$ cat work_30.pdb   # PDB, C-alpha atoms
ATOM      1  CA  CYS P   1    -100.389 230.075 -70.457  1.00  0.00           C
ATOM      2  CA  ASP P   2    -101.865 226.756 -69.406  1.00  0.00           C
ATOM      3  CA  VAL P   3    -105.588 226.263 -68.755  1.00  0.00           C
ATOM      4  CA  GLY P   4    -106.646 228.316 -65.729  1.00  0.00           C
ATOM      5  CA  GLU P   5    -103.705 230.694 -66.125  1.00  0.00           C
ATOM      6  CA  GLY P   6    -103.791 234.106 -67.723  1.00  0.00           C
ATOM      7  CA  LEU P   7    -102.570 237.656 -67.625  1.00  0.00           C
ATOM      8  CA  TYR P   8    -103.719 241.153 -66.870  1.00  0.00           C
ATOM      9  CA  THR P   9    -102.403 244.555 -67.832  1.00  0.00           C
ATOM     10  CA  ASP P  10    -102.493 247.805 -65.912  1.00  0.00           C
ATOM     11  CA  MET P  11    -103.277 249.604 -69.148  1.00  0.00           C
ATOM     12  CA  ARG P  12    -102.897 253.247 -70.147  1.00  0.00           C
ATOM     13  CA  ALA P  13    -103.953 254.478 -73.572  1.00  0.00           C
ATOM     14  CA  ILE P  14    -104.962 257.555 -75.549  1.00  0.00           C
ATOM     15  CA  ARG P  15    -108.104 257.695 -77.682  1.00  0.00           C
ATOM     16  CA  LYS P  16    -107.198 260.771 -79.670  1.00  0.00           C
ATOM     17  CA  ASP P  17    -110.489 261.076 -81.572  1.00  0.00           C
ATOM     18  CA  TYR P  18    -112.826 260.052 -78.742  1.00  0.00           C
ATOM     19  CA  PHE P  19    -115.797 262.208 -77.739  1.00  0.00           C
ATOM     20  CA  LEU P  20    -115.420 263.789 -74.309  1.00  0.00           C
ATOM     21  CA  ASP P  21    -117.927 264.258 -71.500  1.00  0.00           C
ATOM     22  CA  HIS P  22    -118.228 263.542 -67.771  1.00  0.00           C
ATOM     23  CA  ASP P  23    -118.140 259.795 -68.499  1.00  0.00           C
ATOM     24  CA  HIS P  24    -115.710 259.554 -71.460  1.00  0.00           C
ATOM     25  CA  SER P  25    -112.068 260.565 -71.605  1.00  0.00           C
ATOM     26  CA  SER P  26    -109.326 260.623 -74.227  1.00  0.00           C
ATOM     27  CA  TYR P  27    -107.115 259.110 -71.513  1.00  0.00           C
ATOM     28  CA  VAL P  28    -108.022 255.496 -70.797  1.00  0.00           C
ATOM     29  CA  ASP P  29    -106.957 253.577 -67.700  1.00  0.00           C
ATOM     30  CA  GLN P  30    -108.211 250.057 -67.185  1.00  0.00           C
ATOM     31  CA  TRP P  31    -107.325 246.549 -66.118  1.00  0.00           C
ATOM     32  CA  ASP P  32    -107.419 244.241 -69.147  1.00  0.00           C
ATOM     33  CA  TRP P  33    -107.320 240.517 -68.447  1.00  0.00           C
ATOM     34  CA  GLU P  34    -107.380 237.176 -70.275  1.00  0.00           C
ATOM     35  CA  LYS P  35    -107.669 233.639 -68.921  1.00  0.00           C
ATOM     36  CA  VAL P  36    -107.164 230.374 -70.818  1.00  0.00           C
ATOM     37  CA  VAL P  37    -110.211 228.078 -70.792  1.00  0.00           C
ATOM     38  CA  THR P  38    -111.145 224.616 -72.012  1.00  0.00           C
ATOM     39  CA  PRO P  39    -113.784 223.952 -74.701  1.00  0.00           C
ATOM     40  CA  ASP P  40    -116.142 222.701 -71.958  1.00  0.00           C
ATOM     41  CA  GLN P  41    -115.898 226.043 -70.156  1.00  0.00           C
ATOM     42  CA  ARG P  42    -117.149 227.973 -73.144  1.00  0.00           C
ATOM     43  CA  ASN P  43    -120.686 228.371 -71.810  1.00  0.00           C
ATOM     44  CA  LEU P  44    -122.927 230.932 -70.161  1.00  0.00           C
ATOM     45  CA  GLU P  45    -122.638 229.359 -66.714  1.00  0.00           C
ATOM     46  CA  TYR P  46    -118.861 229.782 -66.685  1.00  0.00           C
ATOM     47  CA  LEU P  47    -119.146 233.382 -67.877  1.00  0.00           C
ATOM     48  CA  LYS P  48    -121.600 234.162 -65.083  1.00  0.00           C
ATOM     49  CA  GLU P  49    -119.342 232.457 -62.525  1.00  0.00           C
ATOM     50  CA  LEU P  50    -116.429 234.761 -63.391  1.00  0.00           C
ATOM     51  CA  VAL P  51    -118.686 237.824 -63.483  1.00  0.00           C
ATOM     52  CA  LYS P  52    -119.897 236.998 -59.964  1.00  0.00           C
ATOM     53  CA  ARG P  53    -116.295 236.632 -58.754  1.00  0.00           C
ATOM     54  CA  ILE P  54    -115.386 240.037 -60.167  1.00  0.00           C
ATOM     55  CA  TRP P  55    -118.455 241.633 -58.594  1.00  0.00           C
ATOM     56  CA  LYS P  56    -117.571 240.039 -55.234  1.00  0.00           C
ATOM     57  CA  VAL P  57    -114.231 241.877 -55.324  1.00  0.00           C
ATOM     58  CA  ILE P  58    -115.932 245.159 -56.234  1.00  0.00           C
ATOM     59  CA  LYS P  59    -118.400 244.673 -53.380  1.00  0.00           C
ATOM     60  CA  GLY P  60    -115.489 244.001 -51.013  1.00  0.00           C
ATOM     61  CA  CYS P  61    -113.860 247.257 -52.120  1.00  0.00           C
ATOM     62  CA  ASP P  62    -117.071 249.144 -51.378  1.00  0.00           C
ATOM     63  CA  THR P  63    -117.253 247.610 -47.888  1.00  0.00           C
ATOM     64  CA  LEU P  64    -113.603 248.477 -47.177  1.00  0.00           C
ATOM     65  CA  LEU P  65    -113.966 252.049 -48.423  1.00  0.00           C
ATOM     66  CA  ARG P  66    -117.001 252.636 -46.232  1.00  0.00           C
ATOM     67  CA  LYS P  67    -115.005 251.538 -43.185  1.00  0.00           C
ATOM     68  CA  GLU P  68    -112.058 253.761 -44.082  1.00  0.00           C
ATOM     69  CA  PHE P  69    -114.159 256.772 -45.120  1.00  0.00           C
ATOM     70  CA  PRO P  70    -117.336 257.017 -42.980  1.00  0.00           C
ATOM     71  CA  ALA P  71    -118.511 260.044 -44.982  1.00  0.00           C
ATOM     72  CA  LEU P  72    -119.491 257.609 -47.742  1.00  0.00           C
ATOM     73  CA  ASN P  73    -122.145 256.087 -45.467  1.00  0.00           C
ATOM     74  CA  THR P  74    -125.222 258.168 -46.207  1.00  0.00           C
ATOM     75  CA  ASP P  75    -128.864 257.401 -46.937  1.00  0.00           C
ATOM     76  CA  LYS P  76    -128.400 259.175 -50.254  1.00  0.00           C
ATOM     77  CA  TYR P  77    -125.632 256.777 -51.310  1.00  0.00           C
ATOM     78  CA  PRO P  78    -126.364 253.306 -49.888  1.00  0.00           C
ATOM     79  CA  PRO P  79    -123.896 250.384 -50.216  1.00  0.00           C
ATOM     80  CA  ILE P  80    -123.703 248.787 -53.646  1.00  0.00           C
ATOM     81  CA  PRO P  81    -125.805 245.625 -54.158  1.00  0.00           C
ATOM     82  CA  ASP P  82    -124.509 242.275 -52.932  1.00  0.00           C
ATOM     83  CA  GLU P  83    -125.298 240.635 -56.267  1.00  0.00           C
ATOM     84  CA  LEU P  84    -125.745 241.514 -59.925  1.00  0.00           C
ATOM     85  CA  LYS P  85    -128.937 241.005 -61.878  1.00  0.00           C
ATOM     86  CA  PHE P  86    -128.263 238.961 -65.053  1.00  0.00           C
ATOM     87  CA  VAL P  87    -130.464 239.952 -68.001  1.00  0.00           C
ATOM     88  CA  HIS P  88    -130.144 239.072 -71.681  1.00  0.00           C
ATOM     89  CA  ALA P  89    -130.281 241.887 -74.230  1.00  0.00           C
ATOM     90  CA  GLU P  90    -133.306 240.209 -75.840  1.00  0.00           C
ATOM     91  CA  GLU P  91    -135.149 240.264 -72.495  1.00  0.00           C
ATOM     92  CA  ILE P  92    -134.338 243.953 -72.035  1.00  0.00           C
ATOM     93  CA  LEU P  93    -135.791 244.707 -75.461  1.00  0.00           C
ATOM     94  CA  ALA P  94    -139.005 242.916 -74.458  1.00  0.00           C
ATOM     95  CA  MET P  95    -139.138 244.830 -71.157  1.00  0.00           C
ATOM     96  CA  TYR P  96    -138.664 248.273 -72.721  1.00  0.00           C
ATOM     97  CA  LEU P  97    -139.813 247.785 -76.292  1.00  0.00           C
ATOM     98  CA  ASP P  98    -140.567 251.464 -76.924  1.00  0.00           C
ATOM     99  CA  LEU P  99    -137.256 252.806 -75.624  1.00  0.00           C
ATOM    100  CA  PRO P 100    -133.973 253.271 -77.525  1.00  0.00           C
ATOM    101  CA  ARG P 101    -130.990 251.218 -76.315  1.00  0.00           C
ATOM    102  CA  LYS P 102    -129.376 253.733 -73.952  1.00  0.00           C
ATOM    103  CA  GLN P 103    -132.722 254.531 -72.379  1.00  0.00           C
ATOM    104  CA  ARG P 104    -133.440 250.791 -71.989  1.00  0.00           C
ATOM    105  CA  GLU P 105    -130.179 250.430 -70.061  1.00  0.00           C
ATOM    106  CA  THR P 106    -130.965 253.461 -67.926  1.00  0.00           C
ATOM    107  CA  ALA P 107    -134.422 252.129 -67.037  1.00  0.00           C
ATOM    108  CA  LEU P 108    -132.937 248.721 -66.209  1.00  0.00           C
ATOM    109  CA  VAL P 109    -130.170 249.908 -63.857  1.00  0.00           C
ATOM    110  CA  LYS P 110    -132.492 252.414 -62.228  1.00  0.00           C
ATOM    111  CA  GLU P 111    -134.698 249.469 -61.260  1.00  0.00           C
ATOM    112  CA  PHE P 112    -132.019 246.897 -60.342  1.00  0.00           C
ATOM    113  CA  SER P 113    -128.984 249.106 -59.410  1.00  0.00           C
ATOM    114  CA  ALA P 114    -126.371 246.711 -60.830  1.00  0.00           C
ATOM    115  CA  VAL P 115    -126.761 244.404 -63.824  1.00  0.00           C
ATOM    116  CA  PHE P 116    -124.852 242.227 -66.251  1.00  0.00           C
ATOM    117  CA  ILE P 117    -126.295 242.481 -69.751  1.00  0.00           C
ATOM    118  CA  VAL P 118    -125.687 239.233 -71.652  1.00  0.00           C
ATOM    119  CA  GLY P 119    -125.507 238.876 -75.429  1.00  0.00           C
ATOM    120  CA  ILE P 120    -124.258 242.137 -76.905  1.00  0.00           C
ATOM    121  CA  GLY P 121    -123.547 242.089 -80.632  1.00  0.00           C
ATOM    122  CA  ALA P 122    -126.041 239.687 -82.199  1.00  0.00           C
ATOM    123  CA  VAL P 123    -129.110 241.036 -83.995  1.00  0.00           C
ATOM    124  CA  LEU P 124    -132.183 241.137 -81.747  1.00  0.00           C
ATOM    125  CA  LYS P 125    -135.864 240.746 -82.598  1.00  0.00           C
ATOM    126  CA  ASP P 126    -136.172 244.373 -83.643  1.00  0.00           C
ATOM    127  CA  GLY P 127    -133.560 243.822 -86.346  1.00  0.00           C
ATOM    128  CA  TYR P 128    -130.713 245.609 -84.559  1.00  0.00           C
ATOM    129  CA  PRO P 129    -127.994 244.499 -82.128  1.00  0.00           C
ATOM    130  CA  HIS P 130    -128.174 245.887 -78.598  1.00  0.00           C
ATOM    131  CA  GLU P 131    -124.832 247.461 -79.439  1.00  0.00           C
ATOM    132  CA  MET P 132    -122.218 246.886 -82.130  1.00  0.00           C
ATOM    133  CA  ARG P 133    -119.283 244.712 -81.067  1.00  0.00           C
ATOM    134  CA  ALA P 134    -116.100 243.767 -82.914  1.00  0.00           C
ATOM    135  CA  ALA P 135    -116.509 240.554 -84.902  1.00  0.00           C
ATOM    136  CA  ASP P 136    -113.045 239.226 -84.017  1.00  0.00           C
ATOM    137  CA  TYR P 137    -113.124 239.604 -80.227  1.00  0.00           C
ATOM    138  CA  ASP P 138    -116.048 238.484 -78.056  1.00  0.00           C
ATOM    139  CA  ASP P 139    -118.246 235.575 -79.121  1.00  0.00           C
ATOM    140  CA  TRP P 140    -121.716 237.049 -79.601  1.00  0.00           C
ATOM    141  CA  ILE P 141    -123.122 234.475 -82.037  1.00  0.00           C
ATOM    142  CA  THR P 142    -123.080 231.199 -80.059  1.00  0.00           C
ATOM    143  CA  PRO P 143    -126.595 230.009 -78.995  1.00  0.00           C
ATOM    144  CA  THR P 144    -126.867 230.107 -75.208  1.00  0.00           C
ATOM    145  CA  VAL P 145    -130.357 230.151 -73.748  1.00  0.00           C
ATOM    146  CA  THR P 146    -133.738 228.890 -74.834  1.00  0.00           C
ATOM    147  CA  ASN P 147    -136.470 230.905 -73.137  1.00  0.00           C
ATOM    148  CA  ASP P 148    -140.075 229.877 -73.896  1.00  0.00           C
ATOM    149  CA  GLY P 149    -138.941 228.243 -77.103  1.00  0.00           C
ATOM    150  CA  GLU P 150    -136.865 231.227 -78.221  1.00  0.00           C
ATOM    151  CA  GLN P 151    -133.110 231.014 -78.655  1.00  0.00           C
ATOM    152  CA  PHE P 152    -130.763 233.649 -77.297  1.00  0.00           C
ATOM    153  CA  TYR P 153    -127.216 234.286 -78.452  1.00  0.00           C
ATOM    154  CA  GLY P 154    -123.938 235.478 -77.004  1.00  0.00           C
ATOM    155  CA  LEU P 155    -121.210 234.543 -74.527  1.00  0.00           C
ATOM    156  CA  ASN P 156    -120.356 238.100 -73.562  1.00  0.00           C
ATOM    157  CA  GLY P 157    -121.741 241.106 -71.754  1.00  0.00           C
ATOM    158  CA  ASP P 158    -121.307 244.330 -69.780  1.00  0.00           C
ATOM    159  CA  ILE P 159    -121.511 245.268 -66.100  1.00  0.00           C
ATOM    160  CA  LEU P 160    -123.665 248.387 -65.767  1.00  0.00           C
ATOM    161  CA  VAL P 161    -124.627 250.188 -62.563  1.00  0.00           C
ATOM    162  CA  TRP P 162    -126.820 253.070 -61.488  1.00  0.00           C
ATOM    163  CA  ASN P 163    -124.795 256.125 -60.514  1.00  0.00           C
ATOM    164  CA  PRO P 164    -126.783 257.865 -57.749  1.00  0.00           C
ATOM    165  CA  VAL P 165    -124.716 261.042 -58.173  1.00  0.00           C
ATOM    166  CA  THR P 166    -125.367 261.640 -61.875  1.00  0.00           C
ATOM    167  CA  GLN P 167    -128.669 259.714 -61.883  1.00  0.00           C
ATOM    168  CA  ARG P 168    -127.477 257.877 -64.994  1.00  0.00           C
ATOM    169  CA  ARG P 169    -126.288 254.497 -66.221  1.00  0.00           C
ATOM    170  CA  HIS P 170    -122.600 253.847 -65.631  1.00  0.00           C
ATOM    171  CA  GLU P 171    -120.612 251.137 -67.434  1.00  0.00           C
ATOM    172  CA  LEU P 172    -117.839 249.490 -65.402  1.00  0.00           C
ATOM    173  CA  SER P 173    -116.704 246.521 -67.446  1.00  0.00           C
ATOM    174  CA  SER P 174    -117.075 244.625 -70.700  1.00  0.00           C
ATOM    175  CA  MET P 175    -116.068 240.967 -70.991  1.00  0.00           C
ATOM    176  CA  GLY P 176    -116.738 237.700 -72.715  1.00  0.00           C
ATOM    177  CA  LEU P 177    -115.555 234.387 -74.007  1.00  0.00           C
ATOM    178  CA  ARG P 178    -113.425 235.033 -77.062  1.00  0.00           C
ATOM    179  CA  VAL P 179    -114.182 233.727 -80.534  1.00  0.00           C
ATOM    180  CA  THR P 180    -113.226 230.268 -81.766  1.00  0.00           C
ATOM    181  CA  LYS P 181    -112.114 229.866 -85.359  1.00  0.00           C
ATOM    182  CA  GLU P 182    -115.680 228.774 -86.230  1.00  0.00           C
ATOM    183  CA  THR P 183    -117.418 231.710 -84.567  1.00  0.00           C
ATOM    184  CA  LEU P 184    -114.776 234.104 -85.903  1.00  0.00           C
ATOM    185  CA  VAL P 185    -115.699 233.150 -89.463  1.00  0.00           C
ATOM    186  CA  LYS P 186    -119.445 233.424 -88.747  1.00  0.00           C
ATOM    187  CA  GLN P 187    -119.132 236.849 -87.161  1.00  0.00           C
ATOM    188  CA  LEU P 188    -116.871 238.156 -89.908  1.00  0.00           C
ATOM    189  CA  GLU P 189    -119.396 236.930 -92.485  1.00  0.00           C
ATOM    190  CA  ILE P 190    -122.234 238.698 -90.658  1.00  0.00           C
ATOM    191  CA  SER P 191    -120.227 241.931 -90.446  1.00  0.00           C
ATOM    192  CA  GLN P 192    -118.961 241.558 -94.027  1.00  0.00           C
ATOM    193  CA  GLN P 193    -115.334 241.619 -92.912  1.00  0.00           C
ATOM    194  CA  THR P 194    -114.059 238.239 -94.096  1.00  0.00           C
ATOM    195  CA  HIS P 195    -110.991 239.975 -95.575  1.00  0.00           C
ATOM    196  CA  PHE P 196    -109.772 240.215 -91.964  1.00  0.00           C
ATOM    197  CA  LEU P 197    -108.977 236.512 -92.179  1.00  0.00           C
ATOM    198  CA  GLN P 198    -105.830 237.450 -94.101  1.00  0.00           C
ATOM    199  CA  MET P 199    -104.423 239.381 -91.149  1.00  0.00           C
ATOM    200  CA  PRO P 200    -101.790 237.818 -88.816  1.00  0.00           C
ATOM    201  CA  TYR P 201    -103.960 237.766 -85.668  1.00  0.00           C
ATOM    202  CA  HIS P 202    -106.878 236.149 -87.457  1.00  0.00           C
ATOM    203  CA  LYS P 203    -104.608 233.601 -89.133  1.00  0.00           C
ATOM    204  CA  MET P 204    -103.289 232.631 -85.687  1.00  0.00           C
ATOM    205  CA  ILE P 205    -106.830 231.927 -84.499  1.00  0.00           C
ATOM    206  CA  MET P 206    -107.605 229.886 -87.622  1.00  0.00           C
ATOM    207  CA  ASN P 207    -104.363 227.893 -87.176  1.00  0.00           C
ATOM    208  CA  ASP P 208    -105.033 227.159 -83.469  1.00  0.00           C
ATOM    209  CA  GLN P 209    -102.018 229.211 -82.388  1.00  0.00           C
ATOM    210  CA  ILE P 210    -104.009 231.198 -79.824  1.00  0.00           C
ATOM    211  CA  PRO P 211    -105.640 229.309 -76.925  1.00  0.00           C
ATOM    212  CA  LEU P 212    -109.339 229.545 -76.108  1.00  0.00           C
ATOM    213  CA  SER P 213    -109.847 232.279 -73.557  1.00  0.00           C
ATOM    214  CA  ILE P 214    -112.181 234.541 -71.650  1.00  0.00           C
ATOM    215  CA  GLY P 215    -111.296 238.130 -70.929  1.00  0.00           C
ATOM    216  CA  GLY P 216    -112.379 241.685 -70.441  1.00  0.00           C
ATOM    217  CA  GLY P 217    -111.578 245.164 -69.253  1.00  0.00           C
ATOM    218  CA  ILE P 218    -112.445 247.019 -66.045  1.00  0.00           C
ATOM    219  CA  GLY P 219    -112.335 250.796 -66.207  1.00  0.00           C
ATOM    220  CA  GLN P 220    -110.186 252.071 -63.348  1.00  0.00           C
ATOM    221  CA  SER P 221    -111.363 255.669 -63.085  1.00  0.00           C
ATOM    222  CA  ARG P 222    -114.913 254.515 -63.786  1.00  0.00           C
ATOM    223  CA  LEU P 223    -114.716 252.100 -60.857  1.00  0.00           C
ATOM    224  CA  TYR P 224    -113.096 254.672 -58.556  1.00  0.00           C
ATOM    225  CA  GLY P 225    -115.798 257.186 -59.410  1.00  0.00           C
ATOM    226  CA  TYR P 226    -118.568 254.674 -58.749  1.00  0.00           C
ATOM    227  CA  LEU P 227    -117.201 253.590 -55.366  1.00  0.00           C
ATOM    228  CA  LEU P 228    -116.241 257.102 -54.228  1.00  0.00           C
ATOM    229  CA  ARG P 229    -119.559 258.544 -55.460  1.00  0.00           C
ATOM    230  CA  LYS P 230    -118.116 260.990 -57.979  1.00  0.00           C
ATOM    231  CA  ALA P 231    -119.869 262.653 -60.885  1.00  0.00           C
ATOM    232  CA  ALA P 232    -117.033 262.834 -63.428  1.00  0.00           C
ATOM    233  CA  LEU P 233    -114.053 260.746 -64.521  1.00  0.00           C
ATOM    234  CA  GLY P 234    -111.941 263.870 -64.187  1.00  0.00           C
ATOM    235  CA  GLU P 235    -112.342 263.726 -60.408  1.00  0.00           C
ATOM    236  CA  CYS P 236    -110.399 260.441 -60.405  1.00  0.00           C
ATOM    237  CA  SER P 237    -107.773 260.864 -63.136  1.00  0.00           C
ATOM    238  CA  VAL P 238    -106.054 263.725 -64.918  1.00  0.00           C
ATOM    239  CA  GLY P 239    -107.316 264.311 -68.423  1.00  0.00           C
ATOM    240  CA  VAL P 240    -107.982 266.903 -71.101  1.00  0.00           C
ATOM    241  CA  TRP P 241    -111.525 268.253 -71.097  1.00  0.00           C
ATOM    242  CA  PRO P 242    -113.557 270.729 -73.170  1.00  0.00           C
ATOM    243  CA  GLU P 243    -113.832 274.191 -71.657  1.00  0.00           C
ATOM    244  CA  GLU P 244    -117.612 273.810 -71.535  1.00  0.00           C
ATOM    245  CA  LEU P 245    -117.243 270.763 -69.266  1.00  0.00           C
ATOM    246  CA  HIS P 246    -114.969 272.733 -66.945  1.00  0.00           C
ATOM    247  CA  LYS P 247    -117.603 275.467 -66.689  1.00  0.00           C
ATOM    248  CA  VAL P 248    -120.423 272.995 -65.959  1.00  0.00           C
ATOM    249  CA  CYS P 249    -118.343 271.197 -63.318  1.00  0.00           C
ATOM    250  CA  GLU P 250    -117.309 274.449 -61.614  1.00  0.00           C
ATOM    251  CA  LYS P 251    -120.948 275.512 -61.485  1.00  0.00           C
ATOM    252  CA  HIS P 252    -121.796 272.302 -59.591  1.00  0.00           C
ATOM    253  CA  ASN P 253    -118.694 272.401 -57.371  1.00  0.00           C
ATOM    254  CA  ILE P 254    -117.118 269.424 -59.134  1.00  0.00           C
ATOM    255  CA  HIS P 255    -113.319 269.627 -59.109  1.00  0.00           C
ATOM    256  CA  LEU P 256    -111.597 268.143 -62.155  1.00  0.00           C
ATOM    257  CA  LEU P 257    -107.977 267.094 -61.666  1.00  0.00           C
ATOM    258  CA  ARG P 258    -105.436 269.016 -63.773  1.00  0.00           C
TER     259      ARG P 258
END
$ encode --input "work_30.pdb" --output "structure tokens"
Amino acid sequence: CDVGEGLYTDMRAIRKDYFLDHDHSSYVDQWDWEKVVTPDQRNLEYLKELVKRIWKVIKGCDTLLRKEFPALNTDKYPPIPDELKFVHAEEILAMYLDLPRKQRETALVKEFSAVFIVGIGAVLKDGYPHEMRAADYDDWITPTVTNDGEQFYGLNGDILVWNPVTQRRHELSSMGLRVTKETLVKQLEISQQTHFLQMPYHKMIMNDQIPLSIGGGIGQSRLYGYLLRKAALGECSVGVWPEELHKVCEKHNIHLLR
């Protein structure tokens, strides 16, 4: 691919050892995409630009669905926000210092409805990363923002939304600028995985055989459920679920596809 070109996959996969609940399935369906970029485009502004373009499409889908299915237009389930709120993981920690990570995310999306959390993977002020991320994928170590004299890190992030049906956080997408050979080495050193550099994929990065890129994944059933105001992934795709989940869903008149 040349600069500006890329690819996407209509991906299906099985996570055989994955934990299962209303929001997690052993069957994975998502759109995975990659786009070739220049060195000058490896910055936070470019990441945010692409995130906004993706959200614009999601917003357009919501508008179209509400025209096609008027039953979605209720005071209980208002239209999704026009724009995302961009917040760095370090800022979220400062906002909700006494809360664990998942609860910080829940408090954030409950307040702002739809957010993009920037900088997931690097160690924060409390000594822990917001969430662990692979060291050979997204770039989470590059300095990006100086806020009141403090430096932030990371050229990646997640789109999270508030699900008014479940009253919980709901992750739609994870994306980021991919590692360079320099940031790959740094992140492997931090994660104590430098032996990965002997693997074919990592050697290709170190030998400049893979172009610089930005990419991510958008969960299909997760997006359908968000736009159609569903409580469980199993309402949007066929999967295998624990019997206890079937019982809970039946109790609340939630119909899982079989």
$ closest_residue --input "work_30.pdb" --among "P:Leu20, P:Asp29, P:Asp82, P:Asp40" --to "Val57 of chain P" --atoms "all atoms listed in the file"
P:Asp82
$ closest_residue --input "work_30.pdb" --among "P:Ile120, P:Ala231, P:Leu7, P:Val37" --to "Asp23 of chain P" --atoms "only C-alpha atoms"
P:Ala231
$ residues_around --input "work_30.pdb" --residues "Ile54 of chain P" --least-positions-apart "4" --cutoff "12 Å" --atoms "only C-alpha atoms" --output "ChimeraX atom specification"
/P:31,33,47-50,58-61,82-84,116,159,172-175,215-218
$ write_last_selection --input "work_30.pdb" --atoms "C-alpha atoms" --output "PDB file, in the frame of the given file"
ATOM      1  CA  TRP P  31    -107.325 246.549 -66.118  1.00  0.00           C
ATOM      2  CA  TRP P  33    -107.320 240.517 -68.447  1.00  0.00           C
ATOM      3  CA  LEU P  47    -119.146 233.382 -67.877  1.00  0.00           C
ATOM      4  CA  LYS P  48    -121.600 234.162 -65.083  1.00  0.00           C
ATOM      5  CA  GLU P  49    -119.342 232.457 -62.525  1.00  0.00           C
ATOM      6  CA  LEU P  50    -116.429 234.761 -63.391  1.00  0.00           C
ATOM      7  CA  ILE P  58    -115.932 245.159 -56.234  1.00  0.00           C
ATOM      8  CA  LYS P  59    -118.400 244.673 -53.380  1.00  0.00           C
ATOM      9  CA  GLY P  60    -115.489 244.001 -51.013  1.00  0.00           C
ATOM     10  CA  CYS P  61    -113.860 247.257 -52.120  1.00  0.00           C
ATOM     11  CA  ASP P  82    -124.509 242.275 -52.932  1.00  0.00           C
ATOM     12  CA  GLU P  83    -125.298 240.635 -56.267  1.00  0.00           C
ATOM     13  CA  LEU P  84    -125.745 241.514 -59.925  1.00  0.00           C
ATOM     14  CA  PHE P 116    -124.852 242.227 -66.251  1.00  0.00           C
ATOM     15  CA  ILE P 159    -121.511 245.268 -66.100  1.00  0.00           C
ATOM     16  CA  LEU P 172    -117.839 249.490 -65.402  1.00  0.00           C
ATOM     17  CA  SER P 173    -116.704 246.521 -67.446  1.00  0.00           C
ATOM     18  CA  SER P 174    -117.075 244.625 -70.700  1.00  0.00           C
ATOM     19  CA  MET P 175    -116.068 240.967 -70.991  1.00  0.00           C
ATOM     20  CA  GLY P 215    -111.296 238.130 -70.929  1.00  0.00           C
ATOM     21  CA  GLY P 216    -112.379 241.685 -70.441  1.00  0.00           C
ATOM     22  CA  GLY P 217    -111.578 245.164 -69.253  1.00  0.00           C
ATOM     23  CA  ILE P 218    -112.445 247.019 -66.045  1.00  0.00           C
TER      24      ILE P 218
END
$ residues_around --input "work_30.pdb" --residues "Ala134 of chain P" --least-positions-apart "3" --cutoff "8 Å" --atoms "all atoms listed in the file" --output "PyMOL selection string"
chain P and resi 121+137-138
$ residues_around --input "work_30.pdb" --residues "Asp75 of chain P" --least-positions-apart "4" --cutoff "12 Å" --atoms "all atoms listed in the file" --output "list of chain:residue names"
P:Ala71, P:Pro79, P:Pro164
$ axis_aligned_box --input "work_30.pdb" --around "segment 139-152 of chain P" --padding-each-side "3 Å" --output "JSON"
{"center_x": -129.2, "center_y": 232.6, "center_z": -77.6, "size_x": 27.8, "size_y": 14.8, "size_z": 14.9}
$ resolve_selection --input "work_30.pdb" --expression "the PyMOL selection byres ((chain P and resi 155) around 12)" --output "CSV table (one decimal) with C-alpha atoms, in the frame of the given file"
chain,number,residue,atom,x,y,z
P,41,GLN,CA,-115.9,226.0,-70.2
P,42,ARG,CA,-117.1,228.0,-73.1
P,43,ASN,CA,-120.7,228.4,-71.8
P,44,LEU,CA,-122.9,230.9,-70.2
P,45,GLU,CA,-122.6,229.4,-66.7
P,46,TYR,CA,-118.9,229.8,-66.7
P,47,LEU,CA,-119.1,233.4,-67.9
P,48,LYS,CA,-121.6,234.2,-65.1
P,51,VAL,CA,-118.7,237.8,-63.5
P,88,HIS,CA,-130.1,239.1,-71.7
P,89,ALA,CA,-130.3,241.9,-74.2
P,116,PHE,CA,-124.9,242.2,-66.3
P,117,ILE,CA,-126.3,242.5,-69.8
P,118,VAL,CA,-125.7,239.2,-71.7
P,119,GLY,CA,-125.5,238.9,-75.4
P,120,ILE,CA,-124.3,242.1,-76.9
P,121,GLY,CA,-123.5,242.1,-80.6
P,122,ALA,CA,-126.0,239.7,-82.2
P,137,TYR,CA,-113.1,239.6,-80.2
P,138,ASP,CA,-116.0,238.5,-78.1
P,139,ASP,CA,-118.2,235.6,-79.1
P,140,TRP,CA,-121.7,237.0,-79.6
P,141,ILE,CA,-123.1,234.5,-82.0
P,142,THR,CA,-123.1,231.2,-80.1
P,143,PRO,CA,-126.6,230.0,-79.0
P,144,THR,CA,-126.9,230.1,-75.2
P,145,VAL,CA,-130.4,230.2,-73.7
P,152,PHE,CA,-130.8,233.6,-77.3
P,153,TYR,CA,-127.2,234.3,-78.5
P,154,GLY,CA,-123.9,235.5,-77.0
P,156,ASN,CA,-120.4,238.1,-73.6
P,157,GLY,CA,-121.7,241.1,-71.8
P,158,ASP,CA,-121.3,244.3,-69.8
P,174,SER,CA,-117.1,244.6,-70.7
P,175,MET,CA,-116.1,241.0,-71.0
P,176,GLY,CA,-116.7,237.7,-72.7
P,177,LEU,CA,-115.6,234.4,-74.0
P,178,ARG,CA,-113.4,235.0,-77.1
P,179,VAL,CA,-114.2,233.7,-80.5
P,180,THR,CA,-113.2,230.3,-81.8
P,183,THR,CA,-117.4,231.7,-84.6
P,213,SER,CA,-109.8,232.3,-73.6
P,214,ILE,CA,-112.2,234.5,-71.6
P,215,GLY,CA,-111.3,238.1,-70.9
$ closest_residue --input "work_30.pdb" --among "P:Val240, P:Val185, P:Leu256, P:Val248" --to "Arg15 of chain P" --atoms "all atoms listed in the file"
P:Val240
$ resolve_selection --input "work_30.pdb" --expression "the PyMOL selection byres ((chain P and resi 97-112) around 12)" --output "ChimeraX atom specification"
/P:80-96,113-117,120,124-126,128-132,158-164,166-171
$ atom_distance --input "work_30.pdb" --atom1 "atom CA of Met11 of chain P" --atom2 "atom CA of Met199 of chain P"
24.3 Å
